[in-house]
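Visitor: CSV, C-alpha atoms, file query.csv:
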chain,number,residue,atom,x,y,z
C,66,GLN,CA,-5.1,-17.4,2.8
C,67,GLU,CA,-8.4,-19.1,1.8
C,68,GLN,CA,-9.7,-15.9,0.4
C,69,ASN,CA,-6.6,-15.4,-1.7
C,70,LEU,CA,-7.0,-18.9,-3.0
C,71,LEU,CA,-10.6,-18.4,-3.9
C,72,LEU,CA,-9.9,-15.1,-5.7
C,73,ALA,CA,-7.1,-16.8,-7.7
C,74,GLN,CA,-9.6,-19.4,-8.8
C,75,VAL,CA,-12.3,-17.0,-9.9
C,76,HIS,CA,-9.7,-14.9,-11.7
C,77,THR,CA,-9.8,-17.5,-14.5
C,78,ASP,CA,-13.6,-16.7,-15.0
C,79,PRO,CA,-13.9,-13.0,-15.7
C,80,GLU,CA,-17.7,-12.9,-15.4
C,81,LEU,CA,-17.6,-14.7,-12.1
C,82,GLU,CA,-14.8,-12.5,-10.8
C,83,ALA,CA,-16.8,-9.4,-11.6
C,84,ASP,CA,-19.8,-10.9,-9.7
C,85,VAL,CA,-17.6,-11.6,-6.7
C,86,PHE,CA,-16.2,-8.1,-6.6
C,87,GLU,CA,-19.7,-6.7,-6.7
C,88,GLU,CA,-20.6,-8.5,-3.5
C,89,LEU,CA,-17.4,-7.6,-1.5
C,90,ASP,CA,-17.7,-4.9,1.1
C,91,ASP,CA,-16.0,-1.6,0.3
C,92,ASP,CA,-13.0,-2.0,2.6
C,93,LYS,CA,-12.2,-5.5,1.2
C,94,LYS,CA,-12.8,-4.4,-2.4
C,95,SER,CA,-10.4,-1.4,-2.0
C,96,GLN,CA,-7.8,-3.6,-0.3
C,97,LEU,CA,-7.9,-6.1,-3.2
C,98,LEU,CA,-8.0,-3.6,-6.0
C,99,ASN,CA,-5.1,-1.7,-4.6
C,100,THR,CA,-2.9,-4.7,-5.3
C,101,ARG,CA,-3.8,-4.8,-9.0
C,102,SER,CA,-2.7,-2.7,-12.0
C,103,ASP,CA,-4.9,-0.1,-13.5
C,104,GLN,CA,-5.5,-2.3,-16.5
C,105,ASP,CA,-6.5,-5.3,-14.3
C,106,ILE,CA,-8.9,-3.1,-12.3
C,107,ALA,CA,-10.5,-1.8,-15.5
C,108,ASP,CA,-10.9,-5.3,-16.8
C,109,VAL,CA,-12.9,-6.3,-13.7
C,110,LEU,CA,-14.9,-3.1,-13.7
C,111,SER,CA,-15.8,-3.4,-17.4
C,112,ARG,CA,-17.9,-6.5,-16.4
C,113,MET,CA,-19.6,-4.9,-13.4
C,114,ARG,CA,-22.9,-2.9,-13.1
C,115,THR,CA,-22.4,0.8,-13.8
C,116,ASP,CA,-23.5,1.9,-10.4
C,117,ASP,CA,-21.1,-0.5,-8.7
C,118,VAL,CA,-18.3,0.7,-10.9
C,119,ALA,CA,-19.0,4.3,-9.9
C,120,ASP,CA,-18.8,3.3,-6.2
C,121,THR,CA,-15.7,1.3,-6.7
C,122,VAL,CA,-13.9,4.1,-8.6
C,123,MET,CA,-14.6,6.4,-5.7
C,124,ASP,CA,-13.0,3.9,-3.3
C,125,LEU,CA,-9.7,4.1,-5.3
C,126,PRO,CA,-7.0,6.5,-4.4
C,127,GLN,CA,-7.7,9.8,-6.2
C,128,SER,CA,-4.4,9.5,-8.2
C,129,ARG,CA,-5.7,6.3,-9.8
C,130,ARG,CA,-9.3,7.2,-10.6
C,131,ARG,CA,-8.8,9.0,-13.9
C,132,LYS,CA,-6.3,6.4,-15.1
C,133,VAL,CA,-8.8,3.5,-14.5
C,134,LEU,CA,-11.7,5.5,-16.0
C,135,ASP,CA,-9.8,6.1,-19.2
C,136,LEU,CA,-9.2,2.4,-19.6
C,137,LEU,CA,-12.9,1.6,-19.4
C,138,PRO,CA,-14.9,1.1,-22.7
C,139,PRO,CA,-16.1,4.5,-24.0
C,140,SER,CA,-19.8,3.8,-23.5
C,141,GLN,CA,-19.3,2.6,-19.9
C,142,ASN,CA,-16.9,5.5,-19.2
C,143,LYS,CA,-19.6,8.0,-20.2
C,144,LYS,CA,-22.2,6.3,-17.9
C,145,VAL,CA,-19.9,6.1,-14.9
C,146,LEU,CA,-18.9,9.8,-15.3
C,147,SER,CA,-22.6,10.8,-15.3
C,148,LEU,CA,-23.2,8.9,-12.0
C,149,LEU,CA,-20.1,10.3,-10.3
C,150,GLY,CA,-21.7,13.7,-10.6
C,151,TYR,CA,-24.3,12.8,-8.0
C,152,HIS,CA,-24.0,12.4,-4.2
C,153,GLU,CA,-23.9,8.7,-3.3
C,154,ALA,CA,-26.8,9.2,-0.8
C,155,THR,CA,-29.3,10.4,-3.5
C,156,ALA,CA,-31.3,8.7,-6.2
C,157,GLY,CA,-28.8,9.9,-8.7
C,158,GLY,CA,-26.0,8.2,-6.8
C,159,LEU,CA,-27.9,5.0,-6.3
C,160,MET,CA,-29.4,4.6,-9.7
C,161,GLY,CA,-28.2,2.2,-12.4
C,162,THR,CA,-28.2,3.1,-16.0
C,163,ASP,CA,-29.3,-0.3,-17.4
C,164,TYR,CA,-33.1,-0.5,-17.7
C,165,LEU,CA,-35.9,-1.4,-20.2
C,166,ALA,CA,-37.4,1.4,-22.2
C,167,LEU,CA,-39.3,1.3,-25.4
C,168,PRO,CA,-41.5,3.7,-27.5
C,169,GLU,CA,-45.1,3.5,-26.4
C,170,GLU,CA,-46.1,2.6,-29.9
C,171,GLN,CA,-44.3,-0.7,-29.8
C,172,SER,CA,-46.0,-3.9,-28.8
C,173,ILE,CA,-45.8,-6.3,-25.8
C,174,ALA,CA,-44.0,-8.7,-28.1
C,175,ASP,CA,-41.3,-6.1,-28.8
C,176,ALA,CA,-40.9,-5.6,-25.1
C,177,ILE,CA,-40.6,-9.3,-24.3
C,178,GLU,CA,-38.0,-9.7,-27.1
C,179,LYS,CA,-36.0,-6.9,-25.5
C,180,VAL,CA,-36.1,-8.6,-22.2
C,181,ARG,CA,-34.7,-11.8,-23.8
C,182,ALA,CA,-31.9,-9.8,-25.4
C,183,ALA,CA,-31.0,-8.0,-22.1
C,184,THR,CA,-28.7,-10.8,-21.0
C,185,THR,CA,-26.2,-8.4,-19.3
C,186,HIS,CA,-28.8,-6.6,-17.2
C,187,GLN,CA,-29.3,-7.5,-13.6
C,188,PRO,CA,-32.6,-9.3,-13.0
C,189,GLU,CA,-34.0,-6.5,-10.9
C,190,ALA,CA,-33.6,-4.1,-13.8
C,191,LEU,CA,-35.9,-6.3,-15.9
C,192,THR,CA,-38.9,-6.3,-13.7
C,193,THR,CA,-40.4,-3.2,-15.1
C,194,ILE,CA,-40.9,-2.0,-18.7
C,195,HIS,CA,-40.8,1.7,-19.3
C,196,THR,CA,-42.7,3.3,-22.2
C,197,LEU,CA,-41.5,6.5,-23.8
C,198,ARG,CA,-43.3,9.3,-25.7
C,199,SER,CA,-42.0,10.4,-29.1
C,200,ASP,CA,-40.0,13.2,-27.4
C,201,GLY,CA,-38.2,10.7,-25.2
C,202,THR,CA,-40.0,11.5,-21.9
C,203,LEU,CA,-41.4,8.7,-19.7
C,204,ALA,CA,-45.0,7.9,-20.7
C,205,GLY,CA,-45.7,5.0,-18.3
C,206,THR,CA,-44.7,1.7,-16.8
C,207,ILE,CA,-45.8,-1.9,-17.0
C,208,SER,CA,-44.6,-4.8,-14.9
C,209,LEU,CA,-42.9,-7.7,-16.7
C,210,VAL,CA,-45.5,-10.2,-15.2
C,211,ARG,CA,-48.4,-8.1,-16.5
C,212,ALA,CA,-46.8,-7.9,-19.9
C,213,LEU,CA,-46.4,-11.7,-20.0
C,214,GLN,CA,-50.1,-12.0,-19.3
C,215,MET,CA,-51.2,-9.7,-22.2
C,216,ASN,CA,-51.8,-10.4,-25.8
C,217,PRO,CA,-48.3,-10.0,-27.5
C,218,GLU,CA,-49.9,-7.8,-30.2
C,219,THR,CA,-51.1,-5.3,-27.6
C,220,LEU,CA,-49.5,-1.9,-27.9
C,221,LEU,CA,-47.6,-0.7,-24.8
C,222,ARG,CA,-49.5,2.6,-24.7
C,223,GLU,CA,-52.8,0.7,-24.3
C,224,VAL,CA,-51.7,-1.1,-21.0
C,225,ALA,CA,-49.0,1.0,-19.4
C,226,ASP,CA,-49.7,2.8,-16.2
C,227,THR,CA,-49.5,6.5,-17.0
C,228,GLN,CA,-49.4,7.4,-13.3
C,229,ALA,CA,-45.9,6.1,-12.8
C,230,VAL,CA,-44.2,6.7,-9.4
C,231,VAL,CA,-40.9,8.4,-10.1
C,232,ALA,CA,-37.9,10.1,-8.3
C,233,SER,CA,-35.7,13.0,-9.1
C,234,PRO,CA,-31.9,12.6,-8.9
C,235,GLU,CA,-31.7,14.8,-5.8
C,236,ASP,CA,-34.1,12.7,-3.7
C,237,ASP,CA,-32.5,11.3,-0.6
C,238,ILE,CA,-32.5,7.6,0.6
C,239,ILE,CA,-35.5,8.1,3.0
C,240,ALA,CA,-37.6,9.5,0.2
C,241,ILE,CA,-36.6,6.7,-2.2
C,242,THR,CA,-37.2,3.8,0.2
C,243,THR,CA,-40.5,5.3,1.5
C,244,ARG,CA,-41.8,5.7,-2.0
C,245,MET,CA,-40.8,2.2,-3.0
C,246,ALA,CA,-42.3,0.7,0.1
C,247,ASP,CA,-45.6,2.7,-0.2
C,248,PHE,CA,-46.2,1.5,-3.7
C,249,ASN,CA,-44.5,-2.0,-3.5
C,250,LEU,CA,-42.0,-1.1,-6.2
C,251,LEU,CA,-39.1,-3.4,-7.3
C,252,SER,CA,-37.6,-0.4,-9.1
C,253,LEU,CA,-38.0,3.3,-9.3
C,254,PRO,CA,-37.4,5.4,-12.4
C,255,VAL,CA,-35.3,8.5,-11.9
C,256,LEU,CA,-36.2,11.4,-14.2
C,257,ASP,CA,-34.5,14.7,-15.1
C,258,SER,CA,-36.3,18.0,-15.0
C,259,ASP,CA,-37.7,17.4,-18.5
C,260,GLY,CA,-39.2,14.0,-17.7
C,261,ARG,CA,-36.5,11.9,-19.4
C,262,MET,CA,-35.1,8.8,-17.8
C,263,LEU,CA,-31.7,9.0,-16.2
C,264,GLY,CA,-31.8,5.5,-14.7
C,265,ILE,CA,-33.6,3.4,-12.1
C,266,VAL,CA,-33.1,2.6,-8.4
C,267,THR,CA,-33.6,-1.1,-7.8
C,268,VAL,CA,-35.0,-2.5,-4.5
C,269,ASP,CA,-31.8,-4.3,-3.6
C,270,ASP,CA,-29.7,-1.1,-4.0
C,271,ALA,CA,-32.2,0.9,-2.0
C,272,LEU,CA,-32.2,-1.6,0.9
C,273,GLU,CA,-28.5,-1.8,1.0
C,274,ALA,CA,-28.2,2.0,1.2
C,275,ALA,CA,-31.0,2.3,3.8
C,276,ILE,CA,-29.9,-0.5,6.2
C,277,GLN,CA,-27.0,0.3,8.4
C,278,ARG,CA,-23.7,-1.5,7.7
C,279,ASP,CA,-23.5,-2.9,11.2
C,280,TRP,CA,-26.8,-4.7,10.6
C,281,PHE,CA,-25.2,-6.6,7.7
C,282,GLN,CA,-22.2,-7.4,9.8
C,283,ARG,CA,-24.3,-8.8,12.6
C,284,LYS,CA,-26.4,-10.8,10.1
C,285,SER,CA,-23.2,-12.4,8.6
C,286,GLY,CA,-21.7,-13.0,12.0
C,287,HIS,CA,-18.8,-10.5,11.6
C,288,ARG,CA,-17.8,-7.9,14.3
Go through the file and emit its structure as structure tokens.

Guide:
Amino acid sequence: QEQNLLLAQVHTDPELEADVFEELDDDKKSQLLNTRSDQDIADVLSRMRTDDVADTVMDLPQSRRRKVLDLLPPSQNKKVLSLLGYHEATAGGLMGTDYLALPEEQSIADAIEKVRAATTHQPEALTTIHTLRSDGTLAGTISLVRALQMNPETLLREVADTQAVVASPEDDIIAITTRMADFNLLSLPVLDSDGRMLGIVTVDDALEAAIQRDWFQRKSGHR
């Protein structure tokens, strides 16, 4: 009863409602969404992170998935469909499609301005700036903290780490978390076979996938 009351309250704030749904466990999320119309579900999903949307769509009954997907904004629909092509226990299934990437010929100032403008990105997706070659392949990475410490006029290619640690979309959870732990990464870029970015796996998503569900239940006091 308290839960229903709270959800009714957050329903008046679409952005907060989307944040709440992102934090619900899969069973509760499915239970709540099944009571809503396709349009209501699409309205909530349109404000959620793409990787969470893909997971939520897969939790819907198969008969409703296509209907809800068709009601999403075209750009989001395309991103979600690309994620649904990967197994959920791989880098492709875990990655998000919101990240910072700029041509390596642009400056630190350009990168910082893009960070300021990325108000819809999750904070974890903003911790690393990715630099791109002229052909669109990943050239290197630079942490946001290091970028803030540099002269704003410095070109990204002059300071980016060209030995970036990366993943392929087929890498499994163990490979992903081990790589991120070994190199103290807050995010891990996922590249296709040509070296172009498909997305990033953030540390929070990697941990959630790696740590067993019953650990979370014990931690929160649920059985």

Visitor: Tell me which of C:Leu134, C:Ala225, C:Leu253, C:Met245 sits closest to Thr196 of chain C, counting all atoms listed in the file.

Guide: C:Ala225

Visitor: Which of these residues is nearest to Asn99 of chain C, using all atoms listed in the file: C:Val145, C:Val133, C:Ala83, C:Val75?

Guide: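 Selected residue with least distance to Asn99 of chain C: C:Val133.
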
Visitor: Would you please work out which residue, of C:Leu221, C:Leu251, C:Met113, C:Ala246, is nearest to Thr185 of chain C when using all atoms listed in the file?

Guide: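 Once distances to Thr185 of chain C are computed over all atoms listed in the file, the minimum belongs to C:Met113.
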
Visitor: Residues within 12 Å of (-28.1, 3.9, -6.7), file coordinates, counting all atoms listed in the file: what are they? Give the list as an mmCIF file with C-alpha atoms, keeping the file's coordinate frame.

Guide:
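Dumped to point-v2.cif:
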data_model
loop_
_atom_site.group_PDB
_atom_site.id
_atom_site.type_symbol
_atom_site.label_atom_id
_atom_site.label_comp_id
_atom_site.auth_asym_id
_atom_site.auth_seq_id
_atom_site.Cartn_x
_atom_site.Cartn_y
_atom_site.Cartn_z
ATOM 1 C CA ARG C 114 -22.900 -2.900 -13.100
ATOM 2 C CA THR C 115 -22.400 0.800 -13.800
ATOM 3 C CA ASP C 116 -23.500 1.900 -10.400
ATOM 4 C CA ASP C 117 -21.100 -0.500 -8.700
ATOM 5 C CA VAL C 118 -18.300 0.700 -10.900
ATOM 6 C CA ALA C 119 -19.000 4.300 -9.900
ATOM 7 C CA ASP C 120 -18.800 3.300 -6.200
ATOM 8 C CA VAL C 145 -19.900 6.100 -14.900
ATOM 9 C CA LEU C 148 -23.200 8.900 -12.000
ATOM 10 C CA LEU C 149 -20.100 10.300 -10.300
ATOM 11 C CA TYR C 151 -24.300 12.800 -8.000
ATOM 12 C CA HIS C 152 -24.000 12.400 -4.200
ATOM 13 C CA GLU C 153 -23.900 8.700 -3.300
ATOM 14 C CA ALA C 154 -26.800 9.200 -0.800
ATOM 15 C CA THR C 155 -29.300 10.400 -3.500
ATOM 16 C CA ALA C 156 -31.300 8.700 -6.200
ATOM 17 C CA GLY C 157 -28.800 9.900 -8.700
ATOM 18 C CA GLY C 158 -26.000 8.200 -6.800
ATOM 19 C CA LEU C 159 -27.900 5.000 -6.300
ATOM 20 C CA MET C 160 -29.400 4.600 -9.700
ATOM 21 C CA GLY C 161 -28.200 2.200 -12.400
ATOM 22 C CA THR C 162 -28.200 3.100 -16.000
ATOM 23 C CA ASP C 163 -29.300 -0.300 -17.400
ATOM 24 C CA ALA C 232 -37.900 10.100 -8.300
ATOM 25 C CA PRO C 234 -31.900 12.600 -8.900
ATOM 26 C CA GLU C 235 -31.700 14.800 -5.800
ATOM 27 C CA ASP C 236 -34.100 12.700 -3.700
ATOM 28 C CA ASP C 237 -32.500 11.300 -0.600
ATOM 29 C CA ILE C 238 -32.500 7.600 0.600
ATOM 30 C CA ILE C 241 -36.600 6.700 -2.200
ATOM 31 C CA THR C 242 -37.200 3.800 0.200
ATOM 32 C CA SER C 252 -37.600 -0.400 -9.100
ATOM 33 C CA LEU C 253 -38.000 3.300 -9.300
ATOM 34 C CA PRO C 254 -37.400 5.400 -12.400
ATOM 35 C CA VAL C 255 -35.300 8.500 -11.900
ATOM 36 C CA LEU C 263 -31.700 9.000 -16.200
ATOM 37 C CA GLY C 264 -31.800 5.500 -14.700
ATOM 38 C CA ILE C 265 -33.600 3.400 -12.100
ATOM 39 C CA VAL C 266 -33.100 2.600 -8.400
ATOM 40 C CA THR C 267 -33.600 -1.100 -7.800
ATOM 41 C CA VAL C 268 -35.000 -2.500 -4.500
ATOM 42 C CA ASP C 269 -31.800 -4.300 -3.600
ATOM 43 C CA ASP C 270 -29.700 -1.100 -4.000
ATOM 44 C CA ALA C 271 -32.200 0.900 -2.000
ATOM 45 C CA LEU C 272 -32.200 -1.600 0.900
ATOM 46 C CA GLU C 273 -28.500 -1.800 1.000
ATOM 47 C CA ALA C 274 -28.200 2.000 1.200
ATOM 48 C CA ALA C 275 -31.000 2.300 3.800
#

Visitor: Give me the residues near Met215 of chain C as a ChimeraX atom specification, where near means some atom within 9 Å (using all atoms listed in the file) and where sequence neighbours in that chain fewer than 4 positions away do not count.

Guide: /C:173,211,219,224

Visitor: So which one's closest to Asp200 of chain C, C:Ser147, C:Glu178, C:Asp259, C:Thr184? Using all atoms listed in the file, please.

Guide: C:Asp259

Visitor: Neighbourhood query: residues within 6 Å of (-40.8, -8.4, -20.4), file coordinates, counting only C-alpha atoms; return as a ChimeraX atom specification.

Guide: /C:176-177,180,209

Visitor: Show which residues sit within 8 Å of Thr206 of chain C, as a PyMOL selection string. Count all atoms listed in the file, and ignore same-chain residues fewer than 3 positions away.

Guide: chain C and resi 193-196+225-227+229

Visitor: Kindly give the distance, in Å, that separates atom CA of Arg198 of chain C and atom CA of Leu146 of chain C, rounded to a single decimal.

Guide: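 We find that atom CA of Arg198 of chain C and atom CA of Leu146 of chain C lie 26.5 Å from each other.
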
Visitor: Nearest to Gly260 of chain C among C:Thr202, C:Gln74, C:Ser233, C:Asn216, with distances taken over only C-alpha atoms: which residue is it?

Guide: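 Between C:Thr202, C:Gln74, C:Ser233, C:Asn216, the residue approaching Gly260 of chain C most closely is C:Thr202.
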
Visitor: Quick check, in Å to one decimal: how far apart do atom CA of Ile106 of chain C and atom CA of Leu191 of chain C lie?

Guide: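 Taking atom CA of Ile106 of chain C as the start and atom CA of Leu191 of chain C as the end point, the length is 27.4 Å.
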
Visitor: Please provide as a VMD selection string all residues within 10 Å of Asp124 of chain C, with the sequence filter that same-chain residues fewer than 5 positions apart are discarded (counting only C-alpha atoms).

Guide: chain C and resid 91 to 92 94 to 96 98 to 99 118 to 119 130

Visitor: Pick the closest to Ser208 of chain C from C:Leu167, C:Met123, C:Ala183, C:Leu250: which is it, counting only C-alpha atoms?

Guide: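 Going through C:Leu167, C:Met123, C:Ala183, C:Leu250 one by one, the smallest distance to Ser208 of chain C is for C:Leu250.
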
Visitor: Would you kindly return, as an NGL selection string, each protein, DNA or RNA residue with an atom no farther than 12 Å from any atom of Arg112 of chain C, considering all atoms listed in the file and excluding same-chain residues fewer than 4 positions away?

Guide: :C and (78-87 or 105-108 or 116-118 or 137-138 or 141 or 185-187)

Visitor: One decimal, Å: what's the distance from atom CA of Met262 of chain C over to atom CA of Asp247 of chain C, could you say?

Guide: 21.4 Å

Visitor: From the block I gave, I'd like segment 125-203 of chain C written with C-alpha atoms, as a tab-separated table (two decimals), in the first residue's frame.

Guide:
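Resulting contents of part-v8.tsv:
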chain	number	residue	atom	x	y	z
C	125	LEU	CA	7.85	-7.48	-20.79
C	126	PRO	CA	5.65	-10.23	-22.25
C	127	GLN	CA	6.81	-10.97	-25.78
C	128	SER	CA	3.46	-9.85	-27.20
C	129	ARG	CA	4.02	-6.32	-25.86
C	130	ARG	CA	7.69	-5.75	-26.67
C	131	ARG	CA	7.29	-4.63	-30.28
C	132	LYS	CA	4.32	-2.39	-29.44
C	133	VAL	CA	6.27	-0.58	-26.72
C	134	LEU	CA	9.41	-0.30	-28.86
C	135	ASP	CA	7.42	1.28	-31.69
C	136	LEU	CA	6.18	3.98	-29.28
C	137	LEU	CA	9.70	5.05	-28.26
C	138	PRO	CA	11.36	8.08	-29.90
C	139	PRO	CA	13.02	6.93	-33.16
C	140	SER	CA	16.59	7.66	-31.98
C	141	GLN	CA	16.08	5.73	-28.75
C	142	ASN	CA	14.31	2.90	-30.57
C	143	LYS	CA	17.36	2.44	-32.80
C	144	LYS	CA	19.77	2.34	-29.84
C	145	VAL	CA	17.61	-0.11	-27.89
C	146	LEU	CA	17.27	-2.44	-30.87
C	147	SER	CA	21.05	-2.50	-31.27
C	148	LEU	CA	21.50	-3.51	-27.63
C	149	LEU	CA	18.85	-6.23	-27.82
C	150	GLY	CA	21.04	-8.01	-30.35
C	151	TYR	CA	23.59	-8.89	-27.65
C	152	HIS	CA	23.41	-11.42	-24.84
C	153	GLU	CA	22.76	-9.70	-21.51
C	154	ALA	CA	25.84	-11.31	-19.89
C	155	THR	CA	28.29	-9.77	-22.38
C	156	ALA	CA	29.83	-6.33	-22.81
C	157	GLY	CA	27.38	-5.69	-25.65
C	158	GLY	CA	24.45	-6.45	-23.37
C	159	LEU	CA	25.81	-4.41	-20.46
C	160	MET	CA	27.00	-1.33	-22.34
C	161	GLY	CA	25.22	1.98	-22.52
C	162	THR	CA	25.19	4.05	-25.68
C	163	ASP	CA	25.60	7.45	-24.01
C	164	TYR	CA	29.26	8.49	-23.77
C	165	LEU	CA	31.64	11.37	-24.52
C	166	ALA	CA	33.57	11.17	-27.78
C	167	LEU	CA	35.21	13.99	-29.74
C	168	PRO	CA	37.60	14.24	-32.70
C	169	GLU	CA	41.17	14.20	-31.41
C	170	GLU	CA	41.86	17.52	-33.12
C	171	GLN	CA	39.44	19.32	-30.80
C	172	SER	CA	40.58	20.97	-27.58
C	173	ILE	CA	40.17	20.35	-23.88
C	174	ALA	CA	37.83	23.35	-23.83
C	175	ASP	CA	35.63	21.67	-26.46
C	176	ALA	CA	35.49	18.52	-24.34
C	177	ILE	CA	34.59	20.39	-21.14
C	178	GLU	CA	31.82	22.22	-22.95
C	179	LYS	CA	30.43	18.89	-24.16
C	180	VAL	CA	30.46	17.63	-20.56
C	181	ARG	CA	28.44	20.68	-19.50
C	182	ALA	CA	25.92	20.04	-22.26
C	183	ALA	CA	25.51	16.32	-21.47
C	184	THR	CA	22.82	16.90	-18.85
C	185	THR	CA	20.92	13.71	-19.72
C	186	HIS	CA	23.94	11.39	-19.37
C	187	GLN	CA	24.47	9.40	-16.20
C	188	PRO	CA	27.42	10.77	-14.19
C	189	GLU	CA	29.44	7.56	-14.64
C	190	ALA	CA	29.34	8.07	-18.42
C	191	LEU	CA	31.06	11.45	-18.06
C	192	THR	CA	34.16	10.33	-16.21
C	193	THR	CA	36.12	9.57	-19.39
C	194	ILE	CA	36.51	11.54	-22.61
C	195	HIS	CA	37.11	9.41	-25.71
C	196	THR	CA	39.02	10.80	-28.69
C	197	LEU	CA	38.33	9.73	-32.26
C	198	ARG	CA	40.49	9.60	-35.37
C	199	SER	CA	39.26	11.08	-38.63
C	200	ASP	CA	37.91	7.66	-39.68
C	201	GLY	CA	35.81	7.42	-36.49
C	202	THR	CA	37.94	4.82	-34.73
C	203	LEU	CA	38.95	5.23	-31.08
